[in-house]
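> run29.txt is reproduced below (compact mmCIF, C-alpha atoms).
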```
# COMPACT_ATOMS: atom_id res chain seq x y z
CA MET A 282 -19.60 -10.50 -10.63
CA THR A 283 -18.80 -9.31 -7.10
CA GLU A 284 -19.71 -12.37 -5.09
CA PRO A 285 -17.80 -14.79 -7.35
CA LEU A 286 -14.81 -12.44 -7.19
CA ILE A 287 -14.78 -12.35 -3.38
CA ASP A 288 -15.60 -16.05 -3.18
CA SER A 289 -12.70 -16.89 -5.46
CA ALA A 290 -10.21 -14.89 -3.38
CA THR A 291 -11.57 -16.33 -0.14
CA ARG A 292 -11.38 -19.92 -1.42
CA TRP A 293 -7.78 -19.29 -2.45
CA VAL A 294 -6.64 -17.96 0.92
CA VAL A 295 -8.45 -20.50 3.12
CA MET A 296 -7.01 -23.54 1.31
CA LYS A 297 -4.57 -25.35 3.55
CA THR A 298 -2.17 -25.73 0.66
CA ALA A 299 -2.58 -24.14 -2.75
CA GLN A 300 -0.95 -25.55 -5.83
CA VAL A 301 -2.69 -23.37 -8.36
CA ALA A 302 -2.52 -19.62 -8.78
CA PRO A 303 -5.69 -17.55 -9.25
CA PRO A 304 -6.94 -16.95 -12.82
CA ASN A 305 -4.37 -14.95 -14.76
CA GLU A 306 -6.48 -11.80 -15.00
CA TRP A 307 -6.68 -11.70 -11.17
CA TYR A 308 -3.09 -12.68 -10.38
CA ALA A 309 0.14 -10.72 -9.98
CA SER A 310 3.02 -13.05 -9.25
CA THR A 311 5.56 -10.25 -8.92
CA ARG A 312 5.64 -6.62 -7.87
CA ASP A 313 6.29 -5.49 -11.46
CA ILE A 314 3.17 -7.22 -12.70
CA PHE A 315 1.20 -5.64 -9.86
CA GLN A 316 2.50 -2.21 -10.87
CA THR A 317 1.30 -2.75 -14.43
CA ARG A 318 -2.09 -3.91 -13.21
CA LEU A 319 -2.33 -0.79 -11.04
CA GLU A 320 -1.76 1.42 -14.07
CA THR A 321 -4.62 -0.29 -15.86
CA PHE A 322 -6.77 -0.08 -12.74
CA LEU A 323 -6.13 3.68 -12.49
CA SER A 324 -6.98 4.25 -16.11
CA ARG A 325 -10.28 2.34 -15.86
CA THR A 326 -11.26 3.79 -12.49
CA GLN A 327 -10.57 7.39 -13.53
CA LYS A 328 -13.29 7.13 -16.18
CA SER A 329 -15.72 6.04 -13.49
CA VAL A 330 -14.83 8.12 -10.40
CA GLY A 331 -12.50 10.86 -11.66
CA ASP A 332 -9.79 12.14 -9.32
CA THR A 333 -10.86 9.78 -6.52
CA ALA A 334 -9.11 7.11 -8.59
CA TYR A 335 -5.73 8.52 -7.52
CA LEU A 336 -6.43 7.89 -3.84
CA LEU A 337 -7.96 4.48 -4.55
CA THR A 338 -4.89 3.45 -6.52
CA ALA A 339 -2.63 4.69 -3.74
CA ILE A 340 -4.33 2.60 -1.04
CA VAL A 341 -4.52 -0.46 -3.28
CA GLY A 342 -0.83 0.05 -4.02
CA GLU A 343 0.03 0.21 -0.33
CA ILE A 344 -1.94 -2.94 0.53
CA GLY A 345 -0.61 -4.92 -2.44
CA ASN A 346 2.99 -3.89 -1.93
CA ASN A 347 2.73 -4.81 1.74
CA SER A 348 2.17 -8.38 0.59
CA PHE A 349 5.44 -8.36 -1.34
CA ASP A 350 7.35 -6.37 1.30
CA HIS A 351 6.62 -8.91 4.03
CA ASN A 352 6.49 -12.21 2.16
CA LEU A 353 9.23 -12.19 -0.48
CA GLY A 354 11.24 -15.35 -0.03
CA GLN A 355 8.77 -16.92 2.37
CA TRP A 356 5.42 -17.39 0.64
CA SER A 357 3.48 -20.38 2.02
CA ASP A 358 3.16 -21.85 -1.44
CA VAL A 359 1.85 -19.73 -4.37
CA PRO A 360 3.78 -16.44 -4.50
CA GLY A 361 2.26 -13.09 -5.38
CA ILE A 362 -1.17 -11.62 -4.92
CA PHE A 363 -4.77 -11.89 -5.99
CA PHE A 364 -5.87 -8.49 -7.31
CA ALA A 365 -9.24 -7.94 -8.94
CA ASP A 366 -12.02 -5.38 -9.03
CA ASP A 367 -15.56 -4.86 -10.27
CA ILE A 368 -15.95 -1.30 -11.48
CA ASN A 369 -19.75 -1.52 -11.64
CA LYS A 370 -20.11 -2.72 -8.05
CA LYS A 371 -17.17 -0.51 -6.94
CA VAL A 372 -15.36 -3.27 -5.13
CA ILE A 373 -11.66 -4.18 -4.98
CA VAL A 374 -10.24 -7.47 -3.68
CA LEU A 375 -6.63 -8.17 -2.73
CA ALA A 376 -5.28 -11.34 -1.16
CA ASP A 377 -2.03 -13.15 -0.51
CA ARG A 378 -0.90 -16.49 0.85
CA GLY A 379 1.89 -15.03 2.90
CA GLN A 380 2.79 -15.26 6.55
CA GLY A 381 -0.13 -13.20 7.81
CA VAL A 382 -0.08 -10.08 9.94
CA ARG A 383 0.47 -11.78 13.32
CA GLN A 384 3.59 -13.60 12.14
CA THR A 385 5.18 -10.41 10.78
CA ILE A 386 4.20 -8.12 13.67
CA SER A 387 5.15 -10.61 16.39
CA ARG A 388 8.69 -10.55 15.09
CA VAL A 389 9.07 -7.10 16.62
CA MET A 390 6.28 -7.32 19.20
CA PRO A 391 6.50 -10.86 20.58
CA GLN A 392 3.85 -10.04 23.17
CA ILE A 393 1.21 -10.03 20.39
CA ALA A 394 -0.65 -13.27 21.06
CA THR A 395 -3.68 -13.15 18.77
CA ASP A 396 -4.59 -12.29 15.20
CA GLU A 397 -7.04 -9.70 16.54
CA GLU A 398 -4.32 -7.83 18.44
CA ALA A 399 -2.00 -8.01 15.43
CA LEU A 400 -4.56 -6.42 13.07
CA MET A 401 -5.33 -3.62 15.50
CA VAL A 402 -1.63 -2.84 15.91
CA ALA A 403 -0.96 -2.99 12.15
CA PHE A 404 -3.66 -0.42 11.39
CA THR A 405 -3.30 1.91 14.34
CA GLN A 406 0.38 1.96 15.30
CA VAL A 407 3.51 2.87 13.40
CA VAL A 408 5.29 -0.46 13.57
CA SER A 409 6.80 -2.79 11.00
CA GLY A 410 7.74 -6.44 11.01
CA ARG A 411 10.82 -5.39 9.07
CA SER A 412 12.23 -3.31 11.89
CA PRO A 413 14.93 -1.96 12.19
CA GLU A 414 14.19 -0.80 8.64
CA ARG A 415 12.39 2.49 8.82
CA ARG A 416 8.81 1.89 7.64
CA GLY A 417 5.39 1.18 9.09
CA ASN A 418 3.00 3.97 8.07
CA GLY A 419 1.38 2.39 5.00
CA LEU A 420 -1.67 0.85 6.65
CA LYS A 421 -2.19 3.98 8.74
CA PHE A 422 -2.44 5.86 5.44
CA VAL A 423 -4.93 3.28 4.12
CA ALA A 424 -7.02 3.62 7.29
CA GLN A 425 -7.00 7.41 7.06
CA ILE A 426 -8.15 7.52 3.44
CA ILE A 427 -10.81 4.86 4.02
CA LYS A 428 -12.16 6.77 7.04
CA GLN A 429 -12.10 10.19 5.34
CA HIS A 430 -14.14 8.91 2.40
CA GLY A 431 -16.50 6.70 4.39
CA TRP A 432 -15.50 3.67 2.33
CA LEU A 433 -15.81 0.10 3.60
CA LEU A 434 -12.66 -1.92 4.22
CA THR A 435 -12.60 -5.42 5.64
CA PHE A 436 -9.14 -6.81 6.27
CA GLN A 437 -8.77 -10.42 7.33
CA SER A 438 -5.69 -12.32 8.46
CA GLY A 439 -5.46 -15.54 10.46
CA ASN A 440 -8.80 -15.87 12.22
CA ALA A 441 -9.48 -12.15 12.68
CA GLU A 442 -11.23 -9.41 10.76
CA LEU A 443 -10.81 -5.65 11.05
CA LYS A 444 -13.43 -3.37 9.52
CA TYR A 445 -13.72 0.33 8.74
CA ASP A 446 -17.15 1.53 7.61
CA GLN A 447 -18.61 5.01 7.22
CA GLY A 448 -15.62 6.61 8.92
CA ARG A 449 -15.61 4.29 11.94
CA LEU A 450 -13.29 1.51 13.10
CA PHE A 451 -15.31 -1.45 14.33
CA PRO A 452 -14.07 -3.80 17.08
CA VAL A 453 -11.86 -6.49 15.58
CA CYS A 454 -13.75 -9.76 15.48
CA LYS A 455 -12.93 -13.43 15.28
CA LEU A 456 -13.61 -15.35 12.09
CA GLN A 457 -15.03 -18.84 11.78
CA MET A 458 -12.46 -19.69 9.12
CA ARG A 459 -8.70 -19.22 8.94
CA ILE A 460 -7.12 -16.93 6.34
CA ASN A 461 -3.63 -18.06 5.29
CA GLY A 462 -2.05 -14.69 4.62
CA CYS A 463 -4.30 -11.66 4.12
CA LEU A 464 -7.57 -10.78 2.40
CA ALA A 465 -8.66 -7.18 1.88
CA ILE A 466 -11.99 -6.08 0.40
CA ILE A 467 -12.71 -2.42 -0.33
CA TYR A 468 -16.10 -0.99 -1.31
CA TYR A 469 -15.86 2.63 -2.44
CA MET B 70 18.14 21.80 -7.64
CA LYS B 71 14.76 20.89 -9.12
CA ILE B 72 13.81 17.21 -9.26
CA HIS B 73 10.96 16.28 -11.57
CA LEU B 74 9.43 13.24 -9.93
CA SER B 75 7.56 12.24 -13.07
CA GLN B 76 10.98 11.22 -14.42
CA PHE B 77 10.57 8.20 -12.17
CA GLY B 78 7.07 7.40 -13.41
CA LYS B 79 3.48 8.56 -13.04
CA LEU B 80 2.64 5.99 -10.36
CA LEU B 81 5.10 6.22 -7.47
CA ILE B 82 3.99 3.31 -5.33
CA SER B 83 6.51 0.84 -3.87
CA ARG B 84 9.34 1.27 -1.39
CA PRO B 85 11.97 -0.45 -3.57
CA SER B 86 11.29 1.92 -6.46
CA GLY B 87 11.33 4.94 -4.14
CA ARG B 88 14.65 3.82 -2.73
CA GLU B 89 16.09 3.33 -6.21
CA ALA B 90 14.88 6.78 -7.24
CA TYR B 91 16.63 8.32 -4.24
CA LEU B 92 19.88 6.48 -4.93
CA VAL B 93 19.93 7.56 -8.57
CA THR B 94 19.12 11.13 -7.54
CA LYS B 95 21.93 11.09 -4.98
CA ALA B 96 24.40 9.67 -7.52
CA TYR B 97 23.60 11.85 -10.53
CA LEU B 98 21.48 14.86 -9.62
CA LEU B 99 22.79 16.09 -6.30
CA SER B 100 26.25 17.46 -5.80
CA GLN B 101 28.30 18.96 -3.04
CA SER B 102 27.19 22.39 -4.21
CA THR B 103 23.48 21.54 -3.91
CA SER B 104 22.08 23.72 -1.18
CA GLU B 105 18.36 23.33 -1.70
CA VAL B 106 16.03 20.89 -3.40
CA GLU B 107 12.69 21.48 -5.07
CA ILE B 108 10.63 18.33 -5.59
CA ASP B 109 8.25 18.94 -8.47
CA PHE B 110 5.22 16.65 -8.55
CA SER B 111 3.98 17.74 -12.01
CA GLY B 112 2.77 14.75 -13.96
CA VAL B 113 2.62 12.44 -10.96
CA GLN B 114 -0.76 10.73 -10.87
CA VAL B 115 -0.35 8.55 -7.78
CA ALA B 116 2.08 8.77 -4.88
CA THR B 117 2.13 6.67 -1.73
CA PRO B 118 3.73 7.42 1.62
CA SER B 119 5.91 4.32 1.18
CA TRP B 120 7.51 5.62 -2.01
CA LEU B 121 7.82 9.16 -0.71
CA ASP B 122 9.28 7.97 2.58
CA GLU B 123 12.14 6.30 0.72
CA PHE B 124 12.75 9.33 -1.48
CA VAL B 125 11.89 12.42 0.53
CA THR B 126 12.93 11.43 4.06
CA PRO B 127 16.66 11.05 3.33
CA LEU B 128 16.59 14.33 1.41
CA ARG B 129 14.97 16.04 4.40
CA GLU B 130 17.61 14.52 6.65
CA GLN B 131 20.33 16.01 4.48
CA TYR B 132 18.82 19.35 3.49
CA GLY B 133 16.32 20.00 6.27
CA ASP B 134 13.92 22.86 5.53
CA LYS B 135 15.72 23.56 2.25
CA VAL B 136 13.53 20.84 0.68
CA ARG B 137 10.47 22.37 -1.00
CA TYR B 138 7.57 20.87 -2.91
CA SER B 139 5.80 22.19 -5.97
CA HIS B 140 2.70 21.17 -7.97
CA THR B 141 1.25 19.11 -5.14
CA ASP B 142 -2.42 19.41 -6.22
CA ASN B 143 -2.89 15.70 -6.73
CA PRO B 144 -4.95 14.27 -3.83
CA SER B 145 -2.73 11.23 -3.31
CA VAL B 146 0.36 13.46 -3.24
CA GLN B 147 -1.24 15.72 -0.64
CA ALA B 148 -2.47 12.83 1.50
CA SER B 149 0.88 11.02 1.34
CA LEU B 150 2.90 14.10 2.25
CA GLU B 151 0.51 14.75 5.13
CA ILE B 152 0.90 11.24 6.55
CA LEU B 153 4.67 11.56 6.30
CA ARG B 154 4.46 14.82 8.21
CA THR B 155 2.13 13.55 10.93
CA THR B 156 3.02 9.85 11.17
CA PRO B 157 6.69 9.45 10.35
CA SER B 158 7.92 5.87 10.00
CA LEU B 159 10.10 4.52 12.77
```
Represent the supplied structure as structure tokens.

Amino acid sequence: MTEPLIDSATRWVVMKTAQVAPPNEWYASTRDIFQTRLETFLSRTQKSVGDTAYLLTAIVGEIGNNSFDHNLGQWSDVPGIFFADDINKKVIVLADRGQGVRQTISRVMPQIATDEEALMVAFTQVVSGRSPERRGNGLKFVAQIIKQHGWLLTFQSGNAELKYDQGRLFPVCKLQMRINGCLAIIYY
Amino acid sequence: MKIHLSQFGKLLISRPSGREAYLVTKAYLLSQSTSEVEIDFSGVQVATPSWLDEFVTPLREQYGDKVRYSHTDNPSVQASLEILRTTPSL
């Protein structure tokens, strides 16, 4: 089920305009719905991976809530997030059709000119597009947990992809396609 | 003053809910006579730095090193407190 799951999220975020939300079982239109889905996710994942489920749920929670934190009131079209997982293949997919990382980061760092730079800053520096509100350490936390456990994270926004694998951050690369918003895939 | 975080839920994830938890705590649980705060994580299954930043940071600003933690065995609690300690938000 993994490839269709990733394909479905990818198709949704590369569409120029989307008029349809993802299938209901993979869609959280509001933060409250996402919270409920996280509770179910934790319960299912605990049976499979034990206490590791707590950290997985925490990083999924950070990524998903980032989508709401930075896009409320200004979604491109379909609000909310794509959130799905395959417990057998140990993969989690999150996506949104928000403003994308470069748009939010460049609000406080106007010198950021590319999606590649924006992703690197988002994951390695304490900075938030919602400055002067005090925030900005969520993705650093995600990066730390991913690295410590040797999990694979690919995070795409605009035409760039950032990847952590086996404890290492790979050079940010350019994508052939354009992601409207963000797409995160975690293998654990 | 002991604050049982599980009163706010078992999954402490988003900034808005952390902020709300702090405001309720400030309004109803803390008083002028409060001199120290113990944050008890019993029953918390998942905590994120975002939630804890909204709840713990203003308490630390007010009470300094009189804020203590208890029952922090959960791995997400430990990792989140560590990131708050080493990578404070701006």
> Which is closest to B:Ser102 among B:Ala148, B:Tyr132, B:His73, B:Glu89, if we use all atoms listed in the file?
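Comparing B:Ala148, B:Tyr132, B:His73, B:Glu89 against B:Ser102, the winner is B:Tyr132.
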> For A:Ala309, find every residue with an atom within 7 Å (counting all atoms listed in the file), except residues of its own chain fewer than 6 positions away, and show them as a list in words.
Phe315, Gly361, Ile362, Phe363 and Phe364 of chain A
> Mind checking which residues fall within 7 Å of B:Val106, counting only C-alpha atoms, ignoring those fewer than 6 positions away in the same chain, and posting them as a VMD selection string?
chain B and resid 70 to 71 135 to 137
> Counting all atoms listed in the file, which residues in chain A sit no more than 7 Å from chain B? For each one, give the nearest pair of atoms and the distance in Å, sorted by chain then residue number, as a tab-separated table.

```
residue	atom	partner	partner_atom	distance
A:Tyr335	CA	B:Val115	CA	5.4
A:Leu336	CA	B:Ser145	CA	5.0
A:Thr338	CA	B:Val115	CA	6.9
A:Ala339	CA	B:Thr117	CA	5.5
A:Gly342	CA	B:Ile82	CA	6.0
A:Glu343	CA	B:Thr117	CA	6.9
A:Asn346	CA	B:Ser83	CA	6.2
A:Val407	CA	B:Ser158	CA	6.3
A:Val408	CA	B:Leu159	CA	7.0
A:Arg415	CA	B:Leu159	CA	5.0
A:Arg416	CA	B:Ser158	CA	4.7
A:Gly417	CA	B:Ser158	CA	5.4
A:Asn418	CA	B:Ser158	CA	5.6
A:Gly419	CA	B:Ser119	CA	6.2
A:Phe422	CA	B:Ile152	CA	6.4
```
> Could you take the residues named above and write them with C-alpha atoms, as a short mmCIF file (atom, residue, chain, number, x, y, z; two decimals), keeping the file's coordinate frame?

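Written output follows (part-v1.cif):
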```cif
data_model
loop_
_atom_site.label_atom_id
_atom_site.label_comp_id
_atom_site.auth_asym_id
_atom_site.auth_seq_id
_atom_site.Cartn_x
_atom_site.Cartn_y
_atom_site.Cartn_z
CA TYR A 335 -5.73 8.52 -7.52
CA LEU A 336 -6.43 7.89 -3.84
CA THR A 338 -4.89 3.45 -6.52
CA ALA A 339 -2.63 4.69 -3.74
CA GLY A 342 -0.83 0.05 -4.02
CA GLU A 343 0.03 0.21 -0.33
CA ASN A 346 2.99 -3.89 -1.93
CA VAL A 407 3.51 2.87 13.40
CA VAL A 408 5.29 -0.46 13.57
CA ARG A 415 12.39 2.49 8.82
CA ARG A 416 8.81 1.89 7.64
CA GLY A 417 5.39 1.18 9.09
CA ASN A 418 3.00 3.97 8.07
CA GLY A 419 1.38 2.39 5.00
CA PHE A 422 -2.44 5.86 5.44
#
```
> Quick one: residues within 10 Å of A:Ser324, only C-alpha atoms, excluding same-chain residues fewer than 4 positions away - as a PyMOL selection string?
chain A and resi 318-320+328-329+331+334-335+338
> Go ahead and compute the interatomic distance for atom CA of A:Ile460 and atom CA of A:Ser438, in Å to one decimal.
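Taking atom CA of A:Ile460 as the start and atom CA of A:Ser438 as the end point, the length is 5.3 Å.
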> Using only C-alpha atoms, give me every residue within 6 Å of (-9.5, -6.3, -10.1) in file coordinates, as a PyMOL selection string.
chain A and resi 364-366+373
